[in-house]
Amino acid sequence: MKLKELLSLDFMKKFENLLETEFEKKLFVASLRNYVAYGNPLRFHNFAFSMRELILCVIKRKAPTKQVEKAIWHEVESEHHSVTRRQQLKYCAQKNISDEYMSYHLDYLNETISEFLKEFKVLNKYTHISEKVFTVCANSFFQETKYIVELATNCLNQLQDIEEIVIEVVEDKVRDAVISTSIAAIPDCLAILANHIYIDTTEVDTIECLGIDEQFIYMRAAGSVSVTQEYGPKNDLCIIEASYPFTLDMKSSVENPELFTIESDELSIDTSEWYE
């Protein structure tokens, strides 16, 4: 099977879609070039080793050693490495959020990391050279190759699952703070709609964590703001009640997750319906 045919297979495309950088995508293609090097008896070994390194590259991108070392929860666990793979995976999800903030959710996070490490360890055995590598038929090579790619796909999906654990914890814990910040944000852009405008209610329908880095937690709230618009003099007052959808981006420090600042100067309110 040629390289182009390999890349067109569904399980290959599924894995490639999980890669984010050009380097990771190039490394994946280079790994497959090892597989199609049919004259090399070590082609399967080289492929398996490259795929294992590709997963490690993704982990290193998400959790650079220097950043992990600076994490508030980091401590040296190994005589040989300042940062362990377990700590890298923890950083992928938790960044610089304290263990105290995670509270009882920390056990579940650690269990999920252990499951990832167990799964990832399976890749190690395929990198070893044995006499079988030189004699296995092409069909067996393909089945093992498919298994490795699917295993790598599962690893990257598990990595996303690990990150999602912390995101769900944050979304739940900061919900009240996000709602309070949204309600307190005065939508100045509504002032152009009427002589007098009063905010009746602000409803927050969805809260989404957009991401976490070493310094900040980024959140987005979406909902609707109900207002009363007044036109004309008091003796001939026209009152109109309306509701407009809004989104609000905000961020908080990982050291104080529930203290938010607004990313923009005002709520992003869709008032286009008023002008139709």
# chains A, B, ... in the order shown; residues from 1 in each chain; ligands from 1
$ residues_around --residues "range 6-19 of chain A" --least-positions-apart "2" --cutoff "9 Å" --atoms "only C-alpha atoms" --output "list of chain:residue names"
A:Met1, A:Lys2, A:Leu3, A:Lys4, A:Thr21, A:Glu22, A:Glu24, A:Lys25, A:Phe28, A:Val29, A:Leu32, A:Val58, A:Lys146, A:Val149, A:Glu150, A:Ala152, A:Thr153, A:Asn154, A:Leu156, A:Asn157
$ closest_atom_pairs --of "range 154-210 of chain A" --to "range 240-250 of chain A" --cutoff "9 Å" --atoms "only C-alpha atoms" --output "tab-separated table"
residue	atom	partner	partner_atom	distance
A:Val178	CA	A:Met250	CA	8.2
A:Thr181	CA	A:Met250	CA	8.6
A:Ser182	CA	A:Leu248	CA	6.9
A:Ala185	CA	A:Leu248	CA	8.9
A:Val204	CA	A:Phe246	CA	8.9
$ write_last_selection --atoms "N, CA, C and O atoms" --output "mmCIF file, in the first residue's frame"
data_model
loop_
_atom_site.group_PDB
_atom_site.id
_atom_site.type_symbol
_atom_site.label_atom_id
_atom_site.label_comp_id
_atom_site.auth_asym_id
_atom_site.auth_seq_id
_atom_site.Cartn_x
_atom_site.Cartn_y
_atom_site.Cartn_z
ATOM 1 N N VAL A 178 -19.450 34.058 37.513
ATOM 2 C CA VAL A 178 -19.665 34.462 36.117
ATOM 3 C C VAL A 178 -21.017 35.164 35.970
ATOM 4 O O VAL A 178 -21.134 36.200 35.302
ATOM 5 N N THR A 181 -20.824 38.664 37.520
ATOM 6 C CA THR A 181 -20.059 39.572 36.662
ATOM 7 C C THR A 181 -20.888 40.004 35.458
ATOM 8 O O THR A 181 -20.866 41.172 35.056
ATOM 9 N N SER A 182 -21.637 39.068 34.889
ATOM 10 C CA SER A 182 -22.473 39.381 33.721
ATOM 11 C C SER A 182 -23.564 40.385 34.080
ATOM 12 O O SER A 182 -23.811 41.342 33.348
ATOM 13 N N ALA A 185 -22.291 43.929 34.577
ATOM 14 C CA ALA A 185 -21.756 44.623 33.408
ATOM 15 C C ALA A 185 -22.864 45.435 32.748
ATOM 16 O O ALA A 185 -23.826 44.892 32.208
ATOM 17 N N VAL A 204 -28.378 34.442 32.268
ATOM 18 C CA VAL A 204 -27.224 33.738 31.717
ATOM 19 C C VAL A 204 -27.644 32.307 31.414
ATOM 20 O O VAL A 204 -27.997 31.542 32.321
#
$ atom_distance --atom1 "CA of Val169 in chain A" --atom2 "CA of Ser103 in chain A"
9.8 Å
$ residues_around --residues "Thr206 in chain A" --least-positions-apart "4" --cutoff "10 Å" --atoms "only C-alpha atoms" --output "list of chain:residue names"
A:Arg175, A:Ile179, A:Arg220, A:Ala221, A:Ala222, A:Gly223, A:Thr247
$ write_last_selection --atoms "N, CA and C atoms" --output "tab-separated table (two decimals), in the first residue's frame"
chain	number	residue	atom	x	y	z
A	175	ARG	N	-19.48	29.31	38.37
A	175	ARG	CA	-20.77	29.66	37.77
A	175	ARG	C	-21.38	30.91	38.41
A	179	ILE	N	-22.04	34.61	36.60
A	179	ILE	CA	-23.37	35.23	36.53
A	179	ILE	C	-23.35	36.61	37.16
A	220	ARG	N	-16.68	32.39	28.90
A	220	ARG	CA	-17.66	33.11	28.07
A	220	ARG	C	-19.06	32.81	28.61
A	221	ALA	N	-19.81	33.87	28.84
A	221	ALA	CA	-21.20	33.73	29.26
A	221	ALA	C	-22.08	34.19	28.10
A	222	ALA	N	-23.19	33.49	27.91
A	222	ALA	CA	-24.14	33.88	26.87
A	222	ALA	C	-25.54	33.82	27.46
A	223	GLY	N	-26.38	34.75	27.04
A	223	GLY	CA	-27.74	34.78	27.57
A	223	GLY	C	-28.54	35.87	26.92
A	247	THR	N	-23.31	38.12	24.59
A	247	THR	CA	-22.18	37.28	25.01
A	247	THR	C	-21.19	38.17	25.75
$ closest_residue --among "A:Leu54, A:Val254, A:Val225, A:Ile217" --to "Asn96 in chain A" --atoms "only C-alpha atoms"
A:Val254
$ residues_around --residues "range 82-85 of chain A" --least-positions-apart "5" --cutoff "9 Å" --atoms "only C-alpha atoms" --output "number ranges by chain"
A: 59, 65-66, 68-69, 74-77, 90, 117
$ decode --residues "range 56-166 of chain A" --atoms "C-alpha atoms" --output "PDB file, in the first residue's frame"
ATOM      1  CA  LEU A  56       5.143  12.606  23.429  1.00  0.00           C
ATOM      2  CA  CYS A  57       5.549  15.670  21.194  1.00  0.00           C
ATOM      3  CA  VAL A  58       1.876  16.535  21.716  1.00  0.00           C
ATOM      4  CA  ILE A  59       2.274  16.176  25.482  1.00  0.00           C
ATOM      5  CA  LYS A  60       5.427  18.315  25.501  1.00  0.00           C
ATOM      6  CA  ARG A  61       3.672  21.020  23.485  1.00  0.00           C
ATOM      7  CA  LYS A  62       0.822  21.138  25.946  1.00  0.00           C
ATOM      8  CA  ALA A  63       3.072  20.846  29.001  1.00  0.00           C
ATOM      9  CA  PRO A  64       6.553  22.361  28.482  1.00  0.00           C
ATOM     10  CA  THR A  65       8.986  21.264  31.198  1.00  0.00           C
ATOM     11  CA  LYS A  66       9.757  24.811  32.375  1.00  0.00           C
ATOM     12  CA  GLN A  67       6.070  25.615  32.782  1.00  0.00           C
ATOM     13  CA  VAL A  68       5.395  22.405  34.714  1.00  0.00           C
ATOM     14  CA  GLU A  69       8.291  23.201  37.045  1.00  0.00           C
ATOM     15  CA  LYS A  70       6.672  26.560  37.854  1.00  0.00           C
ATOM     16  CA  ALA A  71       3.263  25.057  38.663  1.00  0.00           C
ATOM     17  CA  ILE A  72       2.125  25.712  42.214  1.00  0.00           C
ATOM     18  CA  TRP A  73       1.556  21.999  42.821  1.00  0.00           C
ATOM     19  CA  HIS A  74       4.850  20.780  41.334  1.00  0.00           C
ATOM     20  CA  GLU A  75       7.418  18.946  43.416  1.00  0.00           C
ATOM     21  CA  VAL A  76      10.382  16.809  42.380  1.00  0.00           C
ATOM     22  CA  GLU A  77       9.322  13.159  42.250  1.00  0.00           C
ATOM     23  CA  SER A  78      12.255  11.600  40.403  1.00  0.00           C
ATOM     24  CA  GLU A  79      16.013  11.586  40.881  1.00  0.00           C
ATOM     25  CA  HIS A  80      16.500  11.555  37.124  1.00  0.00           C
ATOM     26  CA  HIS A  81      13.847  13.979  35.847  1.00  0.00           C
ATOM     27  CA  SER A  82      12.666  17.322  37.190  1.00  0.00           C
ATOM     28  CA  VAL A  83       9.255  16.629  35.652  1.00  0.00           C
ATOM     29  CA  THR A  84       7.594  13.221  35.294  1.00  0.00           C
ATOM     30  CA  ARG A  85       5.196  12.197  32.544  1.00  0.00           C
ATOM     31  CA  ARG A  86       2.418  12.022  35.117  1.00  0.00           C
ATOM     32  CA  GLN A  87       3.087  15.648  36.034  1.00  0.00           C
ATOM     33  CA  GLN A  88       3.072  16.656  32.375  1.00  0.00           C
ATOM     34  CA  LEU A  89      -0.373  15.106  31.959  1.00  0.00           C
ATOM     35  CA  LYS A  90      -1.552  16.820  35.130  1.00  0.00           C
ATOM     36  CA  TYR A  91      -0.340  20.147  33.745  1.00  0.00           C
ATOM     37  CA  CYS A  92      -2.112  19.540  30.423  1.00  0.00           C
ATOM     38  CA  ALA A  93      -5.375  19.715  32.335  1.00  0.00           C
ATOM     39  CA  GLN A  94      -4.765  21.588  35.553  1.00  0.00           C
ATOM     40  CA  LYS A  95      -2.131  24.122  34.486  1.00  0.00           C
ATOM     41  CA  ASN A  96      -1.296  26.267  37.515  1.00  0.00           C
ATOM     42  CA  ILE A  97      -4.543  25.671  39.396  1.00  0.00           C
ATOM     43  CA  SER A  98      -3.887  24.498  42.948  1.00  0.00           C
ATOM     44  CA  ASP A  99      -4.685  21.023  44.232  1.00  0.00           C
ATOM     45  CA  GLU A 100      -6.728  22.659  46.998  1.00  0.00           C
ATOM     46  CA  TYR A 101      -9.033  24.221  44.410  1.00  0.00           C
ATOM     47  CA  MET A 102      -9.529  20.865  42.722  1.00  0.00           C
ATOM     48  CA  SER A 103     -10.391  19.305  46.125  1.00  0.00           C
ATOM     49  CA  TYR A 104     -12.034  15.864  45.845  1.00  0.00           C
ATOM     50  CA  HIS A 105     -11.988  16.020  42.019  1.00  0.00           C
ATOM     51  CA  LEU A 106      -8.236  15.492  42.214  1.00  0.00           C
ATOM     52  CA  ASP A 107      -8.650  11.745  42.852  1.00  0.00           C
ATOM     53  CA  TYR A 108     -10.657  11.305  39.672  1.00  0.00           C
ATOM     54  CA  LEU A 109      -8.109  13.330  37.702  1.00  0.00           C
ATOM     55  CA  ASN A 110      -5.275  11.139  39.025  1.00  0.00           C
ATOM     56  CA  GLU A 111      -7.188   7.958  38.167  1.00  0.00           C
ATOM     57  CA  THR A 112      -7.748   9.165  34.599  1.00  0.00           C
ATOM     58  CA  ILE A 113      -4.060  10.039  34.235  1.00  0.00           C
ATOM     59  CA  SER A 114      -3.153   6.525  35.441  1.00  0.00           C
ATOM     60  CA  GLU A 115      -5.439   5.045  32.781  1.00  0.00           C
ATOM     61  CA  PHE A 116      -3.710   7.121  30.119  1.00  0.00           C
ATOM     62  CA  LEU A 117      -0.245   5.981  31.259  1.00  0.00           C
ATOM     63  CA  LYS A 118      -1.358   2.359  31.223  1.00  0.00           C
ATOM     64  CA  GLU A 119      -2.674   2.724  27.678  1.00  0.00           C
ATOM     65  CA  PHE A 120       0.392   4.616  26.507  1.00  0.00           C
ATOM     66  CA  LYS A 121       2.711   1.952  27.959  1.00  0.00           C
ATOM     67  CA  VAL A 122       1.340  -0.544  25.431  1.00  0.00           C
ATOM     68  CA  LEU A 123       3.115   1.425  22.685  1.00  0.00           C
ATOM     69  CA  ASN A 124       6.487   0.604  24.243  1.00  0.00           C
ATOM     70  CA  LYS A 125       6.405  -3.068  23.343  1.00  0.00           C
ATOM     71  CA  TYR A 126       6.041  -2.288  19.635  1.00  0.00           C
ATOM     72  CA  THR A 127       9.290  -0.343  19.589  1.00  0.00           C
ATOM     73  CA  HIS A 128      11.407  -3.346  20.587  1.00  0.00           C
ATOM     74  CA  ILE A 129      13.269  -5.313  17.911  1.00  0.00           C
ATOM     75  CA  SER A 130      12.880  -9.062  17.718  1.00  0.00           C
ATOM     76  CA  GLU A 131      13.302 -11.802  15.137  1.00  0.00           C
ATOM     77  CA  LYS A 132       9.559 -11.677  14.449  1.00  0.00           C
ATOM     78  CA  VAL A 133       9.895  -8.172  13.046  1.00  0.00           C
ATOM     79  CA  PHE A 134      11.935  -9.525  10.163  1.00  0.00           C
ATOM     80  CA  THR A 135       9.576 -12.351   9.285  1.00  0.00           C
ATOM     81  CA  VAL A 136       5.998 -11.153   9.819  1.00  0.00           C
ATOM     82  CA  CYS A 137       3.907 -11.024   6.634  1.00  0.00           C
ATOM     83  CA  ALA A 138       2.676  -7.781   5.100  1.00  0.00           C
ATOM     84  CA  ASN A 139      -0.934  -8.371   6.203  1.00  0.00           C
ATOM     85  CA  SER A 140       0.147  -8.791   9.830  1.00  0.00           C
ATOM     86  CA  PHE A 141       2.182  -5.615   9.541  1.00  0.00           C
ATOM     87  CA  PHE A 142      -0.879  -3.730   8.339  1.00  0.00           C
ATOM     88  CA  GLN A 143      -3.113  -5.022  11.155  1.00  0.00           C
ATOM     89  CA  GLU A 144      -0.519  -4.085  13.758  1.00  0.00           C
ATOM     90  CA  THR A 145      -0.076  -0.681  12.138  1.00  0.00           C
ATOM     91  CA  LYS A 146      -3.817  -0.085  12.258  1.00  0.00           C
ATOM     92  CA  TYR A 147      -3.862  -1.095  15.916  1.00  0.00           C
ATOM     93  CA  ILE A 148      -1.044   1.339  16.773  1.00  0.00           C
ATOM     94  CA  VAL A 149      -2.762   4.246  15.007  1.00  0.00           C
ATOM     95  CA  GLU A 150      -6.032   3.469  16.781  1.00  0.00           C
ATOM     96  CA  LEU A 151      -4.146   3.179  20.062  1.00  0.00           C
ATOM     97  CA  ALA A 152      -2.519   6.564  19.429  1.00  0.00           C
ATOM     98  CA  THR A 153      -5.943   8.019  18.588  1.00  0.00           C
ATOM     99  CA  ASN A 154      -7.283   6.724  21.872  1.00  0.00           C
ATOM    100  CA  CYS A 155      -4.337   8.298  23.709  1.00  0.00           C
ATOM    101  CA  LEU A 156      -5.036  11.746  22.247  1.00  0.00           C
ATOM    102  CA  ASN A 157      -8.740  11.392  23.006  1.00  0.00           C
ATOM    103  CA  GLN A 158      -7.870  10.425  26.562  1.00  0.00           C
ATOM    104  CA  LEU A 159      -5.681  13.507  26.781  1.00  0.00           C
ATOM    105  CA  GLN A 160      -8.703  15.627  25.853  1.00  0.00           C
ATOM    106  CA  ASP A 161     -10.758  13.771  28.472  1.00  0.00           C
ATOM    107  CA  ILE A 162      -8.159  14.626  31.128  1.00  0.00           C
ATOM    108  CA  GLU A 163      -8.352  18.302  30.174  1.00  0.00           C
ATOM    109  CA  GLU A 164     -12.160  18.198  30.205  1.00  0.00           C
ATOM    110  CA  ILE A 165     -12.201  17.035  33.838  1.00  0.00           C
ATOM    111  CA  VAL A 166     -10.660  20.305  35.025  1.00  0.00           C
TER     112      VAL A 166
END
